[in-house]
file run15.cif (mmCIF, C-alpha atoms)
data_start
loop_
_atom_site.group_PDB
_atom_site.id
_atom_site.type_symbol
_atom_site.label_atom_id
_atom_site.label_comp_id
_atom_site.auth_asym_id
_atom_site.auth_seq_id
_atom_site.Cartn_x
_atom_site.Cartn_y
_atom_site.Cartn_z
ATOM 1 C CA MET X 16 -5.488 26.988 8.005
ATOM 2 C CA ILE X 17 -3.013 24.100 8.100
ATOM 3 C CA SER X 18 0.638 24.881 7.290
ATOM 4 C CA THR X 19 2.103 23.574 4.021
ATOM 5 C CA ASN X 20 4.628 21.447 5.914
ATOM 6 C CA LYS X 21 1.957 19.846 8.100
ATOM 7 C CA ALA X 22 -0.378 19.352 5.111
ATOM 8 C CA THR X 23 2.414 17.650 3.153
ATOM 9 C CA LYS X 24 3.308 15.322 6.026
ATOM 10 C CA THR X 25 -0.360 14.488 6.587
ATOM 11 C CA ALA X 26 -0.813 13.811 2.858
ATOM 12 C CA GLY X 27 2.217 11.493 3.032
ATOM 13 C CA ALA X 28 0.582 9.579 5.880
ATOM 14 C CA LEU X 29 -2.663 9.431 3.883
ATOM 15 C CA PHE X 30 -0.812 7.979 0.866
ATOM 16 C CA LEU X 31 0.332 5.148 3.150
ATOM 17 C CA THR X 32 -3.133 4.760 4.702
ATOM 18 C CA ALA X 33 -4.803 4.703 1.286
ATOM 19 C CA MET X 34 -2.382 2.099 -0.039
ATOM 20 C CA VAL X 35 -2.763 -0.262 2.933
ATOM 21 C CA SER X 36 -6.541 0.113 3.209
ATOM 22 C CA SER X 37 -6.986 -0.301 -0.553
ATOM 23 C CA LEU X 38 -4.785 -3.397 -0.792
ATOM 24 C CA VAL X 39 -6.183 -5.127 2.301
ATOM 25 C CA GLY X 40 -9.764 -3.968 1.730
ATOM 26 C CA GLY X 41 -9.647 -4.914 -1.940
ATOM 27 C CA GLY X 42 -8.179 -8.305 -1.047
ATOM 28 C CA LEU X 43 -10.963 -8.947 1.450
ATOM 29 C CA ILE X 44 -13.628 -7.862 -1.039
ATOM 30 C CA GLU X 45 -12.144 -10.067 -3.766
ATOM 31 C CA THR X 46 -11.999 -13.183 -1.586
ATOM 32 C CA ALA X 47 -14.962 -12.655 0.768
ATOM 33 C CA LYS X 48 -17.048 -15.745 1.329
ATOM 34 C CA GLN X 49 -18.708 -14.407 4.472
ATOM 35 C CA GLN X 50 -20.656 -11.210 5.020
ATOM 36 C CA SER X 51 -18.394 -10.199 7.930
ATOM 37 C CA ILE X 52 -15.276 -10.357 5.729
ATOM 38 C CA LEU X 53 -17.037 -8.375 3.011
ATOM 39 C CA LEU X 54 -18.018 -5.787 5.638
ATOM 40 C CA ALA X 55 -14.401 -5.523 6.848
ATOM 41 C CA GLY X 56 -13.270 -4.992 3.247
ATOM 42 C CA ALA X 57 -15.959 -2.350 2.759
ATOM 43 C CA ILE X 58 -14.878 -0.501 5.910
ATOM 44 C CA LEU X 59 -11.280 -0.478 4.684
ATOM 45 C CA GLU X 60 -12.456 0.740 1.280
ATOM 46 C CA ALA X 61 -14.296 3.600 3.051
ATOM 47 C CA ILE X 62 -11.051 4.466 4.876
ATOM 48 C CA ASN X 63 -9.327 4.436 1.488
ATOM 49 C CA ALA X 64 -11.977 6.811 0.109
ATOM 50 C CA VAL X 65 -11.499 9.291 2.958
ATOM 51 C CA SER X 66 -7.703 9.062 2.565
ATOM 52 C CA VAL X 67 -7.876 9.656 -1.197
ATOM 53 C CA LEU X 68 -10.115 12.699 -0.740
ATOM 54 C CA GLY X 69 -7.851 13.978 2.047
ATOM 55 C CA ILE X 70 -4.794 13.725 -0.211
ATOM 56 C CA GLY X 71 -6.532 15.771 -2.899
ATOM 57 C CA ILE X 72 -7.676 18.437 -0.438
ATOM 58 C CA LEU X 73 -4.360 18.699 1.410
ATOM 59 C CA LEU X 74 -2.229 18.895 -1.745
ATOM 60 C CA PHE X 75 -4.539 21.310 -3.582
ATOM 61 C CA PRO X 76 -2.974 24.505 -2.118
ATOM 62 C CA VAL X 77 0.565 23.329 -2.911
ATOM 63 C CA LEU X 78 -0.294 22.321 -6.476
ATOM 64 C CA LYS X 79 -2.336 25.495 -6.984
ATOM 65 C CA LYS X 80 0.763 27.605 -6.286
ATOM 66 C CA VAL X 81 2.552 26.081 -9.262
ATOM 67 C CA TRP X 82 -0.179 25.046 -11.732
ATOM 68 C CA LYS X 83 -3.708 26.155 -10.914
ATOM 69 C CA SER X 84 -5.626 24.212 -13.584
ATOM 70 C CA ALA X 85 -3.709 21.010 -12.791
ATOM 71 C CA ALA X 86 -4.492 21.481 -9.093
ATOM 72 C CA PHE X 87 -8.228 21.673 -9.843
ATOM 73 C CA ALA X 88 -8.036 18.671 -12.184
ATOM 74 C CA TYR X 89 -6.123 16.609 -9.616
ATOM 75 C CA LEU X 90 -8.597 17.471 -6.873
ATOM 76 C CA GLY X 91 -11.462 16.580 -9.222
ATOM 77 C CA PHE X 92 -10.016 13.177 -10.118
ATOM 78 C CA ARG X 93 -9.250 12.365 -6.465
ATOM 79 C CA SER X 94 -12.742 13.473 -5.400
ATOM 80 C CA VAL X 95 -14.467 11.255 -7.968
ATOM 81 C CA GLU X 96 -12.111 8.362 -7.153
ATOM 82 C CA ALA X 97 -13.040 8.764 -3.470
ATOM 83 C CA LEU X 98 -16.748 8.829 -4.346
ATOM 84 C CA VAL X 99 -16.431 5.614 -6.379
ATOM 85 C CA CYS X 100 -14.496 3.923 -3.547
ATOM 86 C CA LEU X 101 -17.073 5.065 -1.007
ATOM 87 C CA SER X 102 -19.888 3.817 -3.228
ATOM 88 C CA ALA X 103 -18.162 0.425 -3.397
ATOM 89 C CA ALA X 104 -18.112 0.401 0.400
ATOM 90 C CA ILE X 105 -21.662 1.606 1.071
ATOM 91 C CA LEU X 106 -23.896 0.232 -1.700
ATOM 92 C CA PRO X 107 -23.636 -3.459 -0.704
ATOM 93 C CA GLN X 108 -24.355 -2.614 2.915
ATOM 94 C CA LEU X 109 -27.570 -0.919 1.804
ATOM 95 C CA GLY X 110 -28.483 -3.950 -0.284
ATOM 96 C CA LEU X 111 -28.258 -1.955 -3.512
ATOM 97 C CA ILE X 112 -25.652 -4.257 -5.066
ATOM 98 C CA ASN X 113 -24.574 -7.762 -4.125
ATOM 99 C CA ALA X 114 -21.077 -9.026 -3.309
ATOM 100 C CA ALA X 115 -20.441 -10.292 -6.847
ATOM 101 C CA ASN X 116 -21.305 -6.895 -8.295
ATOM 102 C CA LEU X 117 -19.103 -5.210 -5.681
ATOM 103 C CA ARG X 118 -16.143 -7.351 -6.747
ATOM 104 C CA SER X 119 -16.572 -6.312 -10.373
ATOM 105 C CA PHE X 120 -17.165 -2.700 -9.290
ATOM 106 C CA HIS X 121 -13.961 -2.757 -7.265
ATOM 107 C CA THR X 122 -11.811 -4.414 -9.907
ATOM 108 C CA GLY X 123 -13.517 -2.793 -12.879
ATOM 109 C CA THR X 124 -12.396 0.296 -14.684
ATOM 110 C CA LEU X 125 -13.906 3.095 -12.582
ATOM 111 C CA ILE X 126 -11.475 3.207 -9.676
ATOM 112 C CA PRO X 127 -8.372 2.690 -11.859
ATOM 113 C CA LEU X 128 -9.657 5.239 -14.391
ATOM 114 C CA PHE X 129 -9.899 8.055 -11.863
ATOM 115 C CA PHE X 130 -6.763 6.955 -10.009
ATOM 116 C CA CYS X 131 -4.717 6.948 -13.235
ATOM 117 C CA GLY X 132 -6.111 10.284 -14.423
ATOM 118 C CA GLY X 133 -5.241 11.975 -11.155
ATOM 119 C CA ALA X 134 -1.859 10.264 -10.871
ATOM 120 C CA LEU X 135 -0.777 11.307 -14.384
ATOM 121 C CA ILE X 136 -1.581 14.931 -13.560
ATOM 122 C CA PHE X 137 0.106 14.711 -10.163
ATOM 123 C CA TYR X 138 3.337 13.153 -11.427
ATOM 124 C CA THR X 139 3.457 15.665 -14.287
ATOM 125 C CA VAL X 140 3.236 18.592 -11.852
ATOM 126 C CA LEU X 141 5.858 16.992 -9.609
ATOM 127 C CA PHE X 142 8.192 16.521 -12.578
ATOM 128 C CA LYS X 143 7.658 19.882 -14.250
ATOM 129 C CA TYR X 144 8.140 21.920 -11.074
ATOM 130 C CA ARG X 145 10.662 19.595 -9.390
ATOM 131 C CA LEU X 146 8.528 19.345 -6.258
ATOM 132 C CA LEU X 147 10.082 15.903 -5.727
ATOM 133 C CA PRO X 148 13.142 14.303 -7.345
ATOM 134 C CA HIS X 149 12.505 13.362 -10.973
ATOM 135 C CA PHE X 150 12.973 9.646 -10.367
ATOM 136 C CA ILE X 151 9.819 9.597 -8.207
ATOM 137 C CA SER X 152 7.750 11.138 -11.027
ATOM 138 C CA ILE X 153 9.206 8.843 -13.695
ATOM 139 C CA TRP X 154 8.637 5.826 -11.454
ATOM 140 C CA GLY X 155 5.056 7.051 -10.931
ATOM 141 C CA TRP X 156 4.407 7.432 -14.675
ATOM 142 C CA ILE X 157 5.719 3.931 -15.328
ATOM 143 C CA GLY X 158 3.539 2.576 -12.532
ATOM 144 C CA VAL X 159 0.451 4.330 -13.893
ATOM 145 C CA LEU X 160 1.090 3.050 -17.429
ATOM 146 C CA LEU X 161 1.365 -0.474 -16.044
ATOM 147 C CA ILE X 162 -1.964 -0.018 -14.213
ATOM 148 C CA ILE X 163 -3.552 1.142 -17.475
ATOM 149 C CA TYR X 164 -2.132 -1.938 -19.228
ATOM 150 C CA LEU X 165 -3.377 -4.125 -16.365
ATOM 151 C CA ASN X 166 -6.908 -2.773 -16.677
ATOM 152 C CA VAL X 167 -7.028 -2.986 -20.465
ATOM 153 C CA TYR X 168 -5.650 -6.515 -20.825
ATOM 154 C CA GLN X 169 -6.695 -7.852 -17.391
ATOM 155 C CA PRO X 170 -4.041 -10.489 -16.741
ATOM 156 C CA GLN X 171 -4.619 -12.546 -13.591
ATOM 157 C CA GLY X 172 -2.624 -13.839 -10.641
ATOM 158 C CA GLU X 173 1.091 -13.176 -10.376
ATOM 159 C CA GLU X 174 1.255 -11.202 -13.614
ATOM 160 C CA ALA X 175 -1.391 -8.780 -12.352
ATOM 161 C CA MET X 176 0.443 -8.317 -9.059
ATOM 162 C CA LEU X 177 3.754 -7.721 -10.864
ATOM 163 C CA LEU X 178 2.108 -5.027 -12.982
ATOM 164 C CA ALA X 179 0.625 -3.333 -9.894
ATOM 165 C CA LEU X 180 3.788 -3.583 -7.779
ATOM 166 C CA PRO X 181 5.647 -0.531 -9.213
ATOM 167 C CA ILE X 182 2.854 1.928 -8.341
ATOM 168 C CA ILE X 183 2.305 0.292 -4.955
ATOM 169 C CA LEU X 184 5.991 0.694 -4.091
ATOM 170 C CA ASN X 185 6.082 4.202 -5.583
ATOM 171 C CA GLU X 186 3.194 5.453 -3.482
ATOM 172 C CA ILE X 187 4.632 3.889 -0.332
ATOM 173 C CA PHE X 188 8.054 5.429 -1.045
ATOM 174 C CA MET X 189 6.488 8.793 -1.903
ATOM 175 C CA GLY X 190 4.349 8.754 1.240
ATOM 176 C CA ILE X 191 7.440 8.181 3.374
ATOM 177 C CA TRP X 192 9.349 10.859 1.414
ATOM 178 C CA LEU X 193 6.583 13.405 2.002
ATOM 179 C CA ILE X 194 6.527 12.632 5.723
ATOM 180 C CA ILE X 195 10.306 12.907 6.099
ATOM 181 C CA LYS X 196 11.379 15.496 3.495
ATOM 182 C CA GLY X 197 8.235 17.061 2.063
ATOM 183 C CA PHE X 198 8.126 18.979 -1.204
ATOM 184 C CA ASN X 199 10.894 21.107 -2.656
ATOM 185 C CA LEU X 200 9.138 24.450 -2.389
ATOM 186 C CA LYS X 201 12.286 26.543 -2.940
ATOM 187 C CA ILE X 202 11.680 26.703 -6.646
ATOM 188 C CA LYS X 203 10.831 29.510 -9.003
ATOM 189 C CA ILE X 204 7.108 29.263 -9.568
ATOM 190 C CA ILE X 205 5.906 29.948 -13.086
ATOM 191 C CA LYS X 206 2.195 29.479 -13.573
ATOM 192 C CA PRO X 207 1.221 28.154 -17.028
#
call {"tool": "encode", "arguments": {"input": "run15.cif", "output": "structure tokens"}}
result
Amino acid sequence: MISTNKATKTAGALFLTAMVSSLVGGGLIETAKQQSILLAGAILEAINAVSVLGIGILLFPVLKKVWKSAAFAYLGFRSVEALVCLSAAILPQLGLINAANLRSFHTGTLIPLFFCGGALIFYTVLFKYRLLPHFISIWGWIGVLLIIYLNVYQPQGEEAMLLALPIILNEIFMGIWLIIKGFNLKIKIIKP
């Protein structure tokens, strides 16, 4: 059994890994004109999938201590998000979908849907039980709402990147925070 401190630090590193592999892998998938570039993007998307699942698994025991049903919901959302990301990485390599379909699969609503669902639960638990400073949770909620807006209205180019930037920066900041400081576990735990 991994200690809570080690699990938290590892989850922090996985937040950073997921963000980098998702951004770079997604960028390669979006712009791929050659099969080798598409394959590199798919490999990075598979790394993202493993990282996302790892975050859910590693944080489950911590979240379960404070809000059991939210812990299960968060793990469920992260697991399905990981499965969708992994599918986006594997299906084209098996010839089951082509590159154009992969691009729409990657930028469509499935990955953001499960990411946003899990993130809203996660930031709510963080806020309610003060596991991290409130500004991180509020920043996360704002970032998630902007991702929802982005996926509903689908602006392109710089506007899309500006809408995604708050959650990107939040997850990078939070990953570093978890590695350096971890969670505030010296709180009174009241299970709902």
call {"tool": "closest_residue", "arguments": {"input": "run15.cif", "among": "X:Val35, X:Leu178, X:Leu165, X:Ala64", "to": "X:Glu96", "atoms": "only C-alpha atoms"}}
result
X:Ala64
call {"tool": "atom_distance", "arguments": {"input": "run15.cif", "atom1": "atom CA of X:Ala175", "atom2": "atom CA of X:Ile191"}}
result
24.8 Å
call {"tool": "atom_distance", "arguments": {"input": "run15.cif", "atom1": "atom CA of X:Leu59", "atom2": "atom CA of X:Leu31"}}
result
13.0 Å
call {"tool": "residues_around", "arguments": {"input": "run15.cif", "residues": "X:Ala33", "least_positions_apart": "6", "cutoff": "9 Å", "atoms": "only C-alpha atoms", "output": "JSON, numbers by chain"}}
result
{"X": [59, 60, 62, 63, 64, 65, 66, 67]}
call {"tool": "resolve_selection", "arguments": {"input": "run15.cif", "expression": "the PyMOL selection byres ((chain X and resi 20) around 10)", "output": "list in words"}}
result
Ile17, Ser18, Thr19, Lys21, Ala22, Thr23, Lys24, Thr25, Ala26, Val77, Leu193, Ile194, Lys196, Gly197, Phe198 and Leu200 of chain X
call {"tool": "axis_aligned_box", "arguments": {"input": "run15.cif", "around": "stretch 52-66 of chain X", "padding_each_side": "6 Å", "output": "JSON"}}
result
{"center_x": -12.9, "center_y": -0.5, "center_z": 3.5, "size_x": 22.3, "size_y": 31.6, "size_z": 18.7}
call {"tool": "atom_distance", "arguments": {"input": "run15.cif", "atom1": "atom CA of X:Leu128", "atom2": "atom CA of X:Gln171"}}
result
18.5 Å
call {"tool": "resolve_selection", "arguments": {"input": "run15.cif", "expression": "the PyMOL selection byres ((chain X and resi 72) around 10)", "output": "ChimeraX atom specification"}}
result
/X:22,26,66-71,73-77,86-87,89-91,93-94
call {"tool": "closest_residue", "arguments": {"input": "run15.cif", "among": "X:Ile195, X:Phe92, X:Trp156, X:Gln50", "to": "X:Phe142", "atoms": "only C-alpha atoms"}}
result
X:Trp156
call {"tool": "residues_around", "arguments": {"input": "run15.cif", "residues": "X:Ser152", "least_positions_apart": "6", "cutoff": "8 Å", "atoms": "only C-alpha atoms", "output": "list in words"}}
result
Tyr138, Thr139, Leu141 and Phe142 of chain X
